[in-house]
$ cat protein.txt   # compact mmCIF, C-alpha atoms and all ligand atoms
# COMPACT_ATOMS: atom_id res chain seq x y z
CA MET A 1 7.96 -2.84 4.41
CA LEU A 2 9.28 0.30 2.81
CA ILE A 3 8.42 -0.31 -0.84
CA SER A 4 9.49 2.94 -2.46
CA ARG A 5 10.45 6.58 -2.13
CA GLU A 6 9.39 9.14 -4.70
CA MET A 7 9.70 12.87 -5.32
CA VAL A 8 6.64 15.04 -5.97
CA LEU A 9 7.18 17.40 -8.89
CA ASP A 10 5.42 20.57 -10.06
CA GLN A 11 3.73 18.54 -12.81
CA ASN A 12 1.95 16.39 -10.16
CA ILE A 13 0.33 19.37 -8.46
CA GLY A 14 -3.42 20.01 -8.76
CA LEU A 15 -5.61 23.06 -8.30
CA ASN A 16 -4.83 23.74 -4.64
CA GLU A 17 -1.03 23.73 -4.97
CA THR A 18 -1.07 20.24 -3.48
CA LEU A 19 -0.62 16.75 -4.96
CA PHE A 20 -3.62 15.67 -7.05
CA GLY A 21 -5.47 12.92 -5.12
CA GLY A 22 -5.81 10.71 -8.19
CA ASP A 23 -2.03 10.85 -8.64
CA MET A 24 -1.55 9.59 -5.09
CA MET A 25 -4.11 6.80 -5.60
CA SER A 26 -2.32 5.70 -8.76
CA ARG A 27 1.02 5.56 -6.94
CA MET A 28 -0.52 3.56 -4.08
CA ASP A 29 -2.15 1.13 -6.51
CA LYS A 30 1.24 0.44 -8.11
CA VAL A 31 2.81 -0.06 -4.68
CA ALA A 32 0.05 -2.57 -3.84
CA GLY A 33 0.88 -4.45 -7.05
CA ILE A 34 4.62 -4.40 -6.31
CA THR A 35 4.03 -5.61 -2.74
CA SER A 36 1.83 -8.48 -3.93
CA ALA A 37 4.52 -9.52 -6.40
CA LEU A 38 7.24 -9.34 -3.71
CA VAL A 39 5.46 -11.75 -1.37
CA SER A 40 4.44 -14.27 -4.02
CA HIS A 41 5.55 -16.15 -7.13
CA ASN A 42 2.54 -14.95 -9.13
CA ARG A 43 3.09 -12.86 -12.23
CA VAL A 44 0.02 -10.63 -12.40
CA PHE A 45 -2.25 -9.07 -9.78
CA VAL A 46 -5.27 -6.88 -10.42
CA THR A 47 -6.93 -4.54 -7.96
CA VAL A 48 -10.40 -5.72 -6.88
CA LYS A 49 -11.08 -3.36 -3.98
CA VAL A 50 -9.81 -0.13 -2.43
CA SER A 51 -11.12 0.79 1.00
CA GLU A 52 -10.53 3.28 3.79
CA LEU A 53 -8.53 5.61 1.60
CA ILE A 54 -7.81 8.64 3.77
CA PHE A 55 -5.93 11.79 2.84
CA HIS A 56 -4.64 12.88 6.24
CA SER A 57 -2.51 15.79 5.18
CA PRO A 58 -1.61 17.59 1.92
CA VAL A 59 1.54 16.87 -0.09
CA ARG A 60 3.44 19.61 -1.90
CA ALA A 61 5.94 19.88 -4.75
CA GLY A 62 9.44 18.94 -3.62
CA ASP A 63 8.17 16.57 -0.91
CA ILE A 64 9.76 13.12 -0.67
CA ILE A 65 7.03 10.53 -0.13
CA GLU A 66 7.58 7.06 1.28
CA PHE A 67 5.28 4.08 0.73
CA TYR A 68 5.07 1.47 3.50
CA ALA A 69 3.09 -1.73 2.96
CA THR A 70 1.73 -4.27 5.43
CA ILE A 71 0.04 -7.55 4.49
CA THR A 72 -3.19 -7.54 6.51
CA ARG A 73 -4.79 -10.60 4.91
CA ALA A 74 -3.32 -13.51 2.97
CA GLY A 75 -6.20 -15.22 1.17
CA ASN A 76 -6.50 -18.03 -1.34
CA THR A 77 -6.37 -15.99 -4.57
CA SER A 78 -6.11 -12.55 -3.00
CA VAL A 79 -3.96 -10.44 -0.73
CA THR A 80 -4.94 -7.36 1.23
CA VAL A 81 -2.28 -4.70 1.56
CA GLN A 82 -2.45 -1.73 3.94
CA ILE A 83 -0.45 1.18 2.56
CA GLU A 84 0.78 4.10 4.62
CA VAL A 85 2.27 7.08 2.82
CA LYS A 86 4.50 9.48 4.69
CA VAL A 87 6.30 12.69 3.79
CA TYR A 88 9.94 12.35 4.80
CA ASN A 89 12.05 15.38 5.65
CA PRO A 90 15.71 14.38 5.25
CA VAL A 91 16.94 17.51 7.05
CA SER A 92 15.04 16.91 10.29
CA ASN A 93 14.67 13.13 9.73
CA ALA A 94 10.96 13.62 10.57
CA ARG A 95 8.06 11.74 8.99
CA LYS A 96 4.44 12.81 8.66
CA ASP A 97 1.47 10.59 7.75
CA VAL A 98 -0.21 11.90 4.61
CA THR A 99 -2.35 9.12 3.11
CA SER A 100 -3.43 5.59 3.98
CA GLY A 101 -5.56 2.97 2.29
CA GLU A 102 -6.30 -0.71 1.99
CA PHE A 103 -5.93 -2.46 -1.37
CA THR A 104 -7.16 -5.96 -2.15
CA MET A 105 -5.29 -7.55 -5.03
CA VAL A 106 -6.23 -10.75 -6.87
CA ALA A 107 -3.70 -13.04 -8.56
CA VAL A 108 -4.84 -13.77 -12.12
CA ASP A 109 -3.72 -16.08 -14.91
CA ASN A 110 -3.20 -15.19 -18.56
CA SER A 111 -6.96 -15.17 -19.11
CA LEU A 112 -7.39 -12.79 -16.15
CA HIS A 113 -9.11 -15.49 -14.07
CA PRO A 114 -8.26 -15.75 -10.35
CA GLU A 115 -5.50 -18.22 -9.52
CA PRO A 116 -4.11 -19.35 -6.13
CA VAL A 117 -1.45 -17.12 -4.62
CA LEU A 118 1.89 -18.94 -4.40
CA TRP A 119 3.17 -17.38 -1.20
CA LYS A 120 6.81 -16.73 -0.34
CA PRO A 121 6.65 -17.52 3.41
CA ASP A 122 10.02 -15.89 4.10
CA MET A 123 8.86 -12.63 2.52
CA LEU A 124 5.57 -12.72 4.46
CA LYS A 125 7.52 -13.18 7.68
CA HIS A 126 9.95 -10.42 6.76
CA ALA A 127 7.05 -8.05 6.04
CA LYS A 128 5.42 -8.89 9.39
CA ASP A 129 8.64 -8.56 11.40
CA GLU A 130 9.55 -5.28 9.70
CA HIS A 131 6.07 -3.86 10.37
CA GLU A 132 6.18 -4.83 14.05
CA ALA A 133 9.66 -3.34 14.51
CA ARG A 134 8.68 -0.09 12.81
CA THR A 135 5.35 0.42 14.57
CA ALA A 136 6.84 -0.47 17.99
CA GLY A 137 8.98 2.66 17.66
CA GLU A 138 5.94 4.74 16.70
CA LYS A 139 3.74 3.65 19.62
CA LYS A 140 4.60 6.11 22.35
CA PRO A 141 2.97 5.58 25.77
CA ARG A 142 0.14 8.04 26.51
CA PRO A 143 0.87 10.48 29.32
CA ARG A 144 -1.07 9.63 32.47
CA LYS A 145 -3.67 12.05 33.79
CA GLY A 146 -3.48 13.40 37.32
C1 LIG B 201 -10.57 -9.41 -9.71
C2 LIG B 201 -11.47 -10.38 -10.49
C3 LIG B 201 -10.61 -11.21 -11.42
C4 LIG B 201 -12.12 -11.28 -9.44
O1 LIG B 201 -13.03 -12.07 -10.11
P1 LIG B 201 -14.18 -12.85 -9.31
O2 LIG B 201 -14.98 -13.60 -10.29
O3 LIG B 201 -14.86 -11.92 -8.36
O4 LIG B 201 -13.34 -13.89 -8.49
P2 LIG B 201 -13.69 -14.67 -7.18
O5 LIG B 201 -15.12 -14.51 -6.76
O6 LIG B 201 -13.16 -16.05 -7.39
O7 LIG B 201 -12.81 -13.92 -6.06
C5 LIG B 201 -11.41 -13.93 -6.18
C6 LIG B 201 -10.83 -13.31 -4.92
O8 LIG B 201 -11.20 -11.93 -4.90
C7 LIG B 201 -11.84 -11.62 -3.68
N1 LIG B 201 -12.86 -10.63 -3.97
C8 LIG B 201 -13.74 -10.64 -4.99
N2 LIG B 201 -14.53 -9.56 -4.93
C9 LIG B 201 -14.13 -8.86 -3.84
C10 LIG B 201 -14.54 -7.65 -3.21
N3 LIG B 201 -15.55 -6.92 -3.70
N4 LIG B 201 -13.89 -7.24 -2.12
C11 LIG B 201 -12.87 -7.95 -1.60
N5 LIG B 201 -12.42 -9.10 -2.14
C12 LIG B 201 -13.05 -9.55 -3.23
C13 LIG B 201 -12.44 -12.94 -3.20
O9 LIG B 201 -12.65 -12.94 -1.80
C14 LIG B 201 -11.37 -13.92 -3.63
O10 LIG B 201 -10.29 -13.89 -2.71
P3 LIG B 201 -9.82 -15.24 -1.92
O11 LIG B 201 -9.64 -16.32 -2.96
O12 LIG B 201 -8.50 -14.87 -1.30
O13 LIG B 201 -10.86 -15.57 -0.93
C15 LIG B 201 -12.57 -9.63 -11.29
O14 LIG B 201 -13.48 -9.03 -10.38
C16 LIG B 201 -11.97 -8.56 -12.19
O15 LIG B 201 -11.40 -8.86 -13.21
N6 LIG B 201 -12.11 -7.28 -11.79
C17 LIG B 201 -11.50 -6.18 -12.53
C18 LIG B 201 -10.06 -5.97 -12.07
C19 LIG B 201 -9.49 -4.72 -12.66
O16 LIG B 201 -9.64 -4.46 -13.83
N7 LIG B 201 -8.83 -3.91 -11.79
C20 LIG B 201 -8.35 -2.59 -12.15
C21 LIG B 201 -7.10 -2.60 -12.90
S1 LIG B 201 -5.81 -3.53 -12.16
$ encode --input "protein.txt" --output "C-alpha cells" --more "lines below"
Ligand SMILES: CC(C)(COP(=O)(O)OP(=O)(O)OC[C@H]1O[C@@H](n2cnc3c(N)ncnc32)[C@H](O)[C@@H]1OP(=O)(O)O)[C@@H](O)C(=O)NCCC(=O)NCCS
Amino acid sequence: MLISREMVLDQNIGLNETLFGGDMMSRMDKVAGITSALVSHNRVFVTVKVSELIFHSPVRAGDIIEFYATITRAGNTSVTVQIEVKVYNPVSNARKDVTSGEFTMVAVDNSLHPEPVLWKPDMLKHAKDEHEARTAGEKKPRPRKG
C-alpha cells in the first residue's frame, strides 16, 4: 500500500549532502504506525523491533519519496510491516529503491500493555492485493543465457 509521499528539504540533509539516515528511520517508523492503525481498530501501537534496515541508495534535497507498506505478519498483539521507500521522479515517472526495513509494532492499551489486535480483514486483503498487483509489474523475467 502506498502510505505517503513526502518531499526532502534542505533542512533534512546531513553531512554528505544526502538525507540523514536517522531522519529516514523516523519517517519509516511513523509510516509503520500509520499502517498498523489503518489495518486495525486499535488506537496505539509502539515499535518493538526494527530489522533488516537497508539504505540502498542516497536521497537528496528536492527528492520526492514514497513509502510503501506490506503486512508480512499478522500476530496476536503485534503486526510486522515491511516498508519500501522509493524516490519518485514525476518527469520520467521512474522509481528507484532507496531504503527498506521491517518494523514490528505492538498494540498497547492505555497502560502501555500489549492488547490483541482488532484486525480489519478488508484492509488486510486490500493491502495484500495491492502489494501483489504492484510487485507483479516489477518482476521482469530474467533474460535467458545462450
Ligand atoms: C512493546 C512492549 C509493550 C512489549 O511488551 P512485552 O512484555 O514484550 O510483551 P509480550 O511478550 O506480550 O509480546 C507482545 C508482542 O510483541 C512481540 N515481541 C515482543 N518482543 C519482540 C521482539 N524482540 N521481536 C519481535 N516481536 C516481539 C511478541 O511476539 C508479541 O507479539 P504477538 O502477540 O503477535 O505474538 C514492550 O516491550 C515495550 O513497551 N517496549 C518499548 C516500546 C517503545 O517504547 N517503542 C519506541 C517508541 S514507539
$ residues_near_ligand --input "protein.txt" --ligand "ligand LIG 201 (chain B)" --cutoff "9 Å" --atoms "only C-alpha atoms and all ligand atoms" --output "list in words"
Asp29, Gly33, Phe45, Val46, Thr47, Val48, Lys49, Val50, Arg73, Ala74, Gly75, Asn76, Thr77, Ser78, Val79, Thr80, Phe103, Thr104, Met105, Val106, Ala107, Val108, Leu112, His113, Pro114, Glu115, Pro116 and Val117 of chain A
$ residues_around --input "protein.txt" --residues "A:Lys96" --least-positions-apart "2" --cutoff "8 Å" --atoms "all atoms listed in the file" --output "list of chain:residue names"
A:Lys86, A:Val87, A:Tyr88, A:Ala94, A:Val98
$ closest_residue --input "protein.txt" --among "A:Met123, A:Leu118, A:Ile64, A:Val59" --to "A:Asn16" --atoms "all atoms listed in the file"
A:Val59
$ atom_distance --input "protein.txt" --atom1 "atom CA of A:Leu15" --atom2 "atom CA of A:Ile34"
29.4 Å
$ closest_atom_pairs --input "protein.txt" --of "stretch 35-130 of chain A" --to "stretch 6-14 of chain A" --cutoff "10 Å" --atoms "all atoms listed in the file" --output "Markdown table"
| residue | atom | partner | partner_atom | distance |
| --- | --- | --- | --- | --- |
| A:Val59 | CA | A:Val8 | CA | 8.0 |
| A:Arg60 | CA | A:Val8 | CA | 6.9 |
| A:Ala61 | CA | A:Leu9 | CA | 5.0 |
| A:Gly62 | CA | A:Val8 | CA | 5.3 |
| A:Asp63 | CA | A:Val8 | CA | 5.5 |
| A:Ile64 | CA | A:Met7 | CA | 4.7 |
| A:Ile65 | CA | A:Glu6 | CA | 5.3 |
| A:Glu66 | CA | A:Glu6 | CA | 6.6 |
| A:Phe67 | CA | A:Glu6 | CA | 8.5 |
| A:Val87 | CA | A:Glu6 | CA | 9.7 |
$ write_last_selection --input "protein.txt" --atoms "C-alpha atoms" --output "PDB file, in the coordinates of the input"
ATOM      1  CA  VAL A  59       1.540  16.870  -0.090  1.00  0.00           C
ATOM      2  CA  ARG A  60       3.440  19.610  -1.900  1.00  0.00           C
ATOM      3  CA  ALA A  61       5.940  19.880  -4.750  1.00  0.00           C
ATOM      4  CA  GLY A  62       9.440  18.940  -3.620  1.00  0.00           C
ATOM      5  CA  ASP A  63       8.170  16.570  -0.910  1.00  0.00           C
ATOM      6  CA  ILE A  64       9.760  13.120  -0.670  1.00  0.00           C
ATOM      7  CA  ILE A  65       7.030  10.530  -0.130  1.00  0.00           C
ATOM      8  CA  GLU A  66       7.580   7.060   1.280  1.00  0.00           C
ATOM      9  CA  PHE A  67       5.280   4.080   0.730  1.00  0.00           C
ATOM     10  CA  VAL A  87       6.300  12.690   3.790  1.00  0.00           C
TER      11      VAL A  87
END
$ closest_residue --input "protein.txt" --among "A:Thr35, A:Ser111, A:Ser100, A:Asn89" --to "A:Ala127" --atoms "only C-alpha atoms"
A:Thr35
$ atom_distance --input "protein.txt" --atom1 "atom CA of A:Ser51" --atom2 "atom CA of A:Tyr68"
16.4 Å
$ residues_around --input "protein.txt" --residues "A:Ala32" --least-positions-apart "4" --cutoff "8 Å" --atoms "all atoms listed in the file" --output "PyMOL selection string"
chain A and resi 28+36+69+81+83+103+105
$ atom_distance --input "protein.txt" --atom1 "atom CA of A:His56" --atom2 "atom CA of A:Thr99"
5.4 Å
$ closest_residue --input "protein.txt" --among "A:Glu138, A:Asp109, A:Lys125, A:Ser26" --to "A:Arg95" --atoms "all atoms listed in the file"
A:Glu138
$ closest_residue --input "protein.txt" --among "A:Ile3, A:Val85, A:Ser40, A:Lys120" --to "A:Met24" --atoms "only C-alpha atoms"
A:Val85
$ closest_residue --input "protein.txt" --among "A:Val91, A:Leu53, A:Leu124, A:Met1" --to "A:Val39" --atoms "only C-alpha atoms"
A:Leu124
$ axis_aligned_box --input "protein.txt" --around "stretch 53-59 of chain A" --padding-each-side "4 Å" --output "lines of an AutoDock Vina configuration file"
center_x = -3.5
center_y = 11.6
center_z = 3.1
size_x = 18.1
size_y = 20.0
size_z = 14.3
$ decode --input "protein.txt" --residues "stretch 8-120 of chain A" --atoms "C-alpha atoms" --output "compact mmCIF listing (two decimals), in the first residue's frame"
# COMPACT_ATOMS: atom_id res chain seq x y z
CA VAL A 8 13.01 16.07 1.18
CA LEU A 9 14.10 19.60 2.09
CA ASP A 10 17.49 21.23 2.63
CA GLN A 11 16.88 21.10 6.39
CA ASN A 12 16.76 17.26 6.27
CA ILE A 13 20.19 16.95 4.70
CA GLY A 14 23.16 15.61 6.70
CA LEU A 15 26.91 15.88 6.32
CA ASN A 16 27.24 14.19 2.92
CA GLU A 17 24.64 16.32 1.11
CA THR A 18 22.25 13.39 1.44
CA LEU A 19 19.25 12.69 3.68
CA PHE A 20 20.27 11.99 7.29
CA GLY A 21 19.69 8.26 7.97
CA GLY A 22 18.01 8.94 11.32
CA ASP A 23 15.52 11.21 9.54
CA MET A 24 14.61 8.38 7.17
CA MET A 25 14.24 5.91 10.06
CA SER A 26 11.93 8.32 11.85
CA ARG A 27 9.75 8.71 8.76
CA MET A 28 9.59 4.93 8.29
CA ASP A 29 8.68 4.40 11.94
CA LYS A 30 5.73 6.80 11.56
CA VAL A 31 4.64 5.02 8.38
CA ALA A 32 4.73 1.69 10.27
CA GLY A 33 2.49 3.23 12.94
CA ILE A 34 0.08 4.64 10.35
CA THR A 35 -0.07 1.29 8.52
CA SER A 36 -0.80 -0.59 11.75
CA ALA A 37 -3.61 1.84 12.53
CA LEU A 38 -5.05 1.51 9.00
CA VAL A 39 -5.40 -2.28 9.21
CA SER A 40 -6.82 -2.39 12.74
CA HIS A 41 -9.24 -0.79 15.17
CA ASN A 42 -6.52 -0.30 17.81
CA ARG A 43 -5.65 3.19 18.95
CA VAL A 44 -1.97 2.98 19.85
CA PHE A 45 0.95 0.95 18.51
CA VAL A 46 4.53 1.06 19.74
CA THR A 47 7.59 -0.14 17.89
CA VAL A 48 9.17 -3.25 19.45
CA LYS A 49 11.64 -4.23 16.73
CA VAL A 50 13.29 -2.87 13.60
CA SER A 51 15.18 -5.31 11.41
CA GLU A 52 16.87 -5.52 8.03
CA LEU A 53 17.03 -1.77 7.62
CA ILE A 54 18.97 -1.21 4.42
CA PHE A 55 19.93 2.08 2.81
CA HIS A 56 20.18 1.05 -0.84
CA SER A 57 20.78 4.43 -2.38
CA PRO A 58 21.19 8.05 -1.19
CA VAL A 59 18.35 10.58 -1.12
CA ARG A 60 18.90 14.25 -1.93
CA ALA A 61 17.15 17.56 -1.29
CA GLY A 62 14.21 18.04 -3.64
CA ASP A 63 13.58 14.30 -4.00
CA ILE A 64 10.01 13.04 -3.65
CA ILE A 65 10.00 9.89 -1.53
CA GLU A 66 7.22 7.33 -1.47
CA PHE A 67 6.53 4.91 1.38
CA TYR A 68 5.01 1.52 0.51
CA ALA A 69 3.95 -0.87 3.27
CA THR A 70 3.24 -4.59 3.21
CA ILE A 71 1.89 -6.62 6.14
CA THR A 72 4.25 -9.58 6.40
CA ARG A 73 2.93 -10.99 9.68
CA ALA A 74 -0.38 -10.55 11.48
CA GLY A 75 0.14 -11.74 15.06
CA ASN A 76 -1.95 -11.74 18.21
CA THR A 77 -0.85 -8.40 19.69
CA SER A 78 1.65 -7.44 17.01
CA VAL A 79 1.96 -6.71 13.33
CA THR A 80 5.07 -6.83 11.17
CA VAL A 81 5.26 -4.26 8.40
CA GLN A 82 7.77 -4.31 5.56
CA ILE A 83 8.43 -0.79 4.32
CA GLU A 84 9.94 0.05 0.96
CA VAL A 85 10.95 3.63 0.28
CA LYS A 86 11.39 4.82 -3.29
CA VAL A 87 12.44 8.08 -4.89
CA TYR A 88 9.84 9.06 -7.48
CA ASN A 89 10.72 11.21 -10.46
CA PRO A 90 7.49 12.76 -11.75
CA VAL A 91 9.13 13.89 -15.01
CA SER A 92 10.28 10.45 -16.12
CA ASN A 93 7.70 8.56 -13.98
CA ALA A 94 10.64 6.40 -12.78
CA ARG A 95 11.07 4.97 -9.30
CA LYS A 96 14.25 3.97 -7.52
CA ASP A 97 14.54 1.86 -4.34
CA VAL A 98 16.33 3.84 -1.64
CA THR A 99 15.59 2.24 1.74
CA SER A 100 13.81 -0.81 3.11
CA GLY A 101 13.16 -2.19 6.56
CA GLU A 102 10.93 -4.38 8.67
CA PHE A 103 9.08 -2.91 11.65
CA THR A 104 7.26 -4.92 14.30
CA MET A 105 4.57 -2.92 16.05
CA VAL A 106 2.68 -3.92 19.21
CA ALA A 107 -0.86 -2.77 20.00
CA VAL A 108 -0.98 -1.37 23.53
CA ASP A 109 -3.69 -0.20 25.92
CA ASN A 110 -3.74 2.99 27.97
CA SER A 111 -1.24 1.48 30.40
CA LEU A 112 1.08 0.59 27.50
CA HIS A 113 0.46 -3.15 27.99
CA PRO A 114 0.04 -5.34 24.88
CA GLU A 115 -3.54 -5.87 23.77
CA PRO A 116 -4.99 -8.06 20.97
CA VAL A 117 -5.00 -6.51 17.52
CA LEU A 118 -8.56 -5.98 16.28
CA TRP A 119 -7.97 -6.62 12.59
CA LYS A 120 -9.87 -5.01 9.72
